[in-house]
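Participant: Take this structure first; my questions come after.
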Amino acid sequence: MTVWDDLVGQEKVCEPLAAAARDADAFVTAAAADGPLPQATSMTHAWLFTGPPGSGVAQTARAFAAALQCVSPDRALGGVPGCGFCDGCHTALVGTHADVSTVVALGAEIRAQDMRDTVRKSFTSPANGRWQIILVEEAERLNEKSANAVLKAVEEPAPRTVWLLCAPSVEDVLPTIRSRCRHLNLRTPSVEAVADMLVRREGIEPDVAAAAARATQGHIDRARRLATDKAARDRRAAVLKLPLRVEDVGGALRAAQELVDAAAEDAKQLAEEMDAKETEELKAALGAAQGGRLPRGTAGVIKDLEADQKRRKARTQRNSLDLALSELTGFYRDVLALQLGTRVAIANADAEDALERLARGSTPESTLRRIEAIAACGEALDRNVPPLLAVEAMTMALRSG
């Protein structure tokens, strides 16, 4: 199974990536043999992957990184780089390759200090692999300073360095950066393609896979989570009951509180899993004895880690709320489809009774206002409005229609 087999519904994107990986392999092989370097090549030093949420933008970039690091002996026999089995492919895919650096936002943005070491590494030669690869999973979260640091690195890259930037759209990236990148746009995979992937790769029953793919409208990660995680299904069921619980003021406020509490609990669980382990590993690296005091001058490093963990916790809570808002939007989209009598497939077929009840009891205009209220909640969260205030405003708007 090659690295391209994991990409769902992105055949048009896989073709140019596979061609670039072949040219990149020929370039490195010729350089290692001190032979003449290939002249015509579809490979470039910077790539921009864009696509709607759930289309697999980061997974596509990581698959390309694996193909660039592929060390399969089959390449010499005409095989396509990206076998999926060799050490280069495997470590790149799981995130442990020494020459594949991944940058993600711990908080609302990627700061310059988060990029400093990565940008410095981008100017070095590969340690073990064939290329030095920098994968920025959320390039839209680069702030002004970190974006300028990336721009300088992309303008004058090292000969064997490749930048892979991921963002929802080209408009989310600075024009000066995107003009130096080769752009590939992904599409949302079909519901049928996602359901087929769940059956083949995850061993999910066809009926369950089809329901998960339909409920998430082709969002690969959410469909996989919904099909394999009972807790995710329970959270979704609770969110879809919210529209029926906002018929009075008290119900609207209670629903808002429960939604925010559930998101906070998600963040707390992640913190409990990761924070203690990270702190102990850092203390050990700094030379602190088990349960003993830190060496002098290292307290600031621990404080920096605690600050990053706090930012990650807030980001996790926001991600959980974003997921709930997305599910609510999908719910009211189905209500609107029923009201307008369209032939659009209903995503939330398991909540059909609630959908029909709301469709009969309201107008398309009020449904559109409710969808706008959900979008306004997301915008308020973007402006750092306290989550409870933003969600309460939304639930009250959902009540009034």
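Residues are referred to by chain and number: the chain letter is A, B, ... according to the order shown in the structure tokens, the number counts from 1 in that chain, and ligands are numbered separately from 1 in the order shown.
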With a distance cut-off of 12 Å and only C-alpha atoms, select the neighbouring residues of His97 of chain A, excluding the residue or stretch itself and same-chain residues fewer than 6 positions from it, and output the selection as a PyMOL selection string.
Facilitator: chain A and resi 62+65-66+68-70+86-91+126-135
Participant: Export C-alpha atoms of the chosen residues as a compact mmCIF listing (two decimals), in the first residue's frame?
Facilitator:
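Result written to result-v2.txt:
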```txt
# COMPACT_ATOMS: atom_id res chain seq x y z
CA ARG A 62 2.52 14.32 5.16
CA ALA A 65 6.80 14.23 2.81
CA ALA A 66 6.92 10.43 3.15
CA LEU A 68 10.23 12.49 -0.59
CA GLN A 69 11.94 10.53 2.20
CA CYS A 70 11.24 7.11 0.67
CA CYS A 86 10.25 1.54 4.23
CA ASP A 87 11.77 3.28 7.23
CA GLY A 88 11.68 6.68 5.51
CA CYS A 89 7.98 6.43 4.65
CA HIS A 90 6.94 4.96 7.99
CA THR A 91 8.73 7.48 10.22
CA PRO A 126 19.29 16.64 6.11
CA ALA A 127 20.69 14.60 8.97
CA ASN A 128 19.55 11.16 7.82
CA GLY A 129 16.91 11.59 5.16
CA ARG A 130 16.95 12.73 1.57
CA TRP A 131 15.33 16.13 2.22
CA GLN A 132 14.91 18.58 5.09
CA ILE A 133 11.12 19.01 5.23
CA ILE A 134 9.20 21.65 7.20
CA LEU A 135 5.48 20.95 7.46
```
Participant: Write down as a count of residues only the residues belonging to segment 64-302 of chain A that are assigned strand (DSSP E) by DSSP computed on the backbone.
Facilitator: 20
Participant: Compile the contact shell of Ser169 of chain A as a list in words: residues with an atom at most 12 Å away, counting only C-alpha atoms, same-chain residues fewer than 2 positions apart removed.
Facilitator: Leu48, Phe49, Thr50, Gly51, Pro52, Pro53, Val57, Glu138, Ala139, Glu140, Leu165, Cys166, Ala167, Glu171, Asp172, Val173, Leu174, Pro175, Arg178, His183, Leu184, Asn185, Leu186 and Arg187 of chain A
Participant: Could you pull the residues within 12 Å of segment 274-278 of chain A, counting only C-alpha atoms, minus those fewer than 6 positions along the same chain, as number ranges by chain?
Facilitator: A: 267-268, 284-285, 302, 305-313
Participant: Next, the residues of the selection above should be written as an mmCIF file, in the first residue's frame with C-alpha atoms.
Facilitator:
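The new file again35.cif reads:
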```
data_model
loop_
_atom_site.group_PDB
_atom_site.id
_atom_site.type_symbol
_atom_site.label_atom_id
_atom_site.label_comp_id
_atom_site.auth_asym_id
_atom_site.auth_seq_id
_atom_site.Cartn_x
_atom_site.Cartn_y
_atom_site.Cartn_z
ATOM 1 C CA ALA A 267 -9.418 20.090 27.316
ATOM 2 C CA LYS A 268 -8.925 18.824 30.866
ATOM 3 C CA ALA A 284 14.700 14.912 33.455
ATOM 4 C CA ALA A 285 16.297 16.561 30.405
ATOM 5 C CA ILE A 302 9.457 25.132 33.079
ATOM 6 C CA LEU A 305 6.329 24.939 29.077
ATOM 7 C CA GLU A 306 3.459 25.652 31.480
ATOM 8 C CA ALA A 307 2.480 28.687 29.400
ATOM 9 C CA ASP A 308 2.457 26.562 26.232
ATOM 10 C CA GLN A 309 0.364 23.915 27.968
ATOM 11 C CA LYS A 310 -2.131 26.563 29.033
ATOM 12 C CA ARG A 311 -2.400 27.810 25.450
ATOM 13 C CA ARG A 312 -2.895 24.249 24.197
ATOM 14 C CA LYS A 313 -5.652 23.660 26.759
#
```
Participant: Closest to Asn384 of chain A among A:Leu259, A:Leu282, A:Ala314, A:Leu151, using only C-alpha atoms?
Facilitator: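 Answer, going by the shortest atom-to-atom distance: A:Ala314.
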Participant: Quick one: pick out all alpha helix (DSSP H) residues within segment 346-385 of chain A from a backbone DSSP run and write them as JSON, numbers by chain.
Facilitator: {"A": [352, 353, 354, 355, 356, 357, 358, 359, 360, 361, 364, 365, 366, 367, 368, 369, 370, 371, 372, 373, 374, 375, 376, 377, 378, 379, 380, 381, 382]}
Participant: Would you mind reading off the distance between atom CA of Thr41 of chain A and atom CA of Gly9 of chain A, one decimal, in Å?
Facilitator: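 Interatomic distance, atom CA of Thr41 of chain A to atom CA of Gly9 of chain A: 25.8 Å.
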Participant: Would you work out the distance separating atom CA of Ala324 of chain A from atom CA of Leu340 of chain A, expressed in Å to one decimal?
Facilitator: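 Spanning atom CA of Ala324 of chain A to atom CA of Leu340 of chain A is a straight-line distance of 24.5 Å.
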Participant: Find the residues around Arg370 of chain A up to 9 Å (only C-alpha atoms counted), leave out those fewer than 5 positions away in its own chain, and share them as an MDAnalysis selection string.
Facilitator: chainID A and resid 329 332 365 375 394 397:401
Participant: Between A:Glu156, A:Glu137, A:Asp117, A:Glu392, which one has atoms that come closest to Ala105 of chain A, using only C-alpha atoms?
Facilitator: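 Smallest distance to Ala105 of chain A is found for A:Glu137.
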Participant: Fewer than 5 positions away in the same chain doesn't count, so skip those; otherwise give me all residues within 10 Å of Glu356 of chain A, counting only C-alpha atoms, as number ranges by chain.
Facilitator: A: 334-335, 338-339, 351, 361
Participant: When you draw a straight line from atom CA of Pro157 of chain A to atom CA of Pro81 of chain A, how long is it in Å?
Facilitator: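 It comes out at 23.1 Å.
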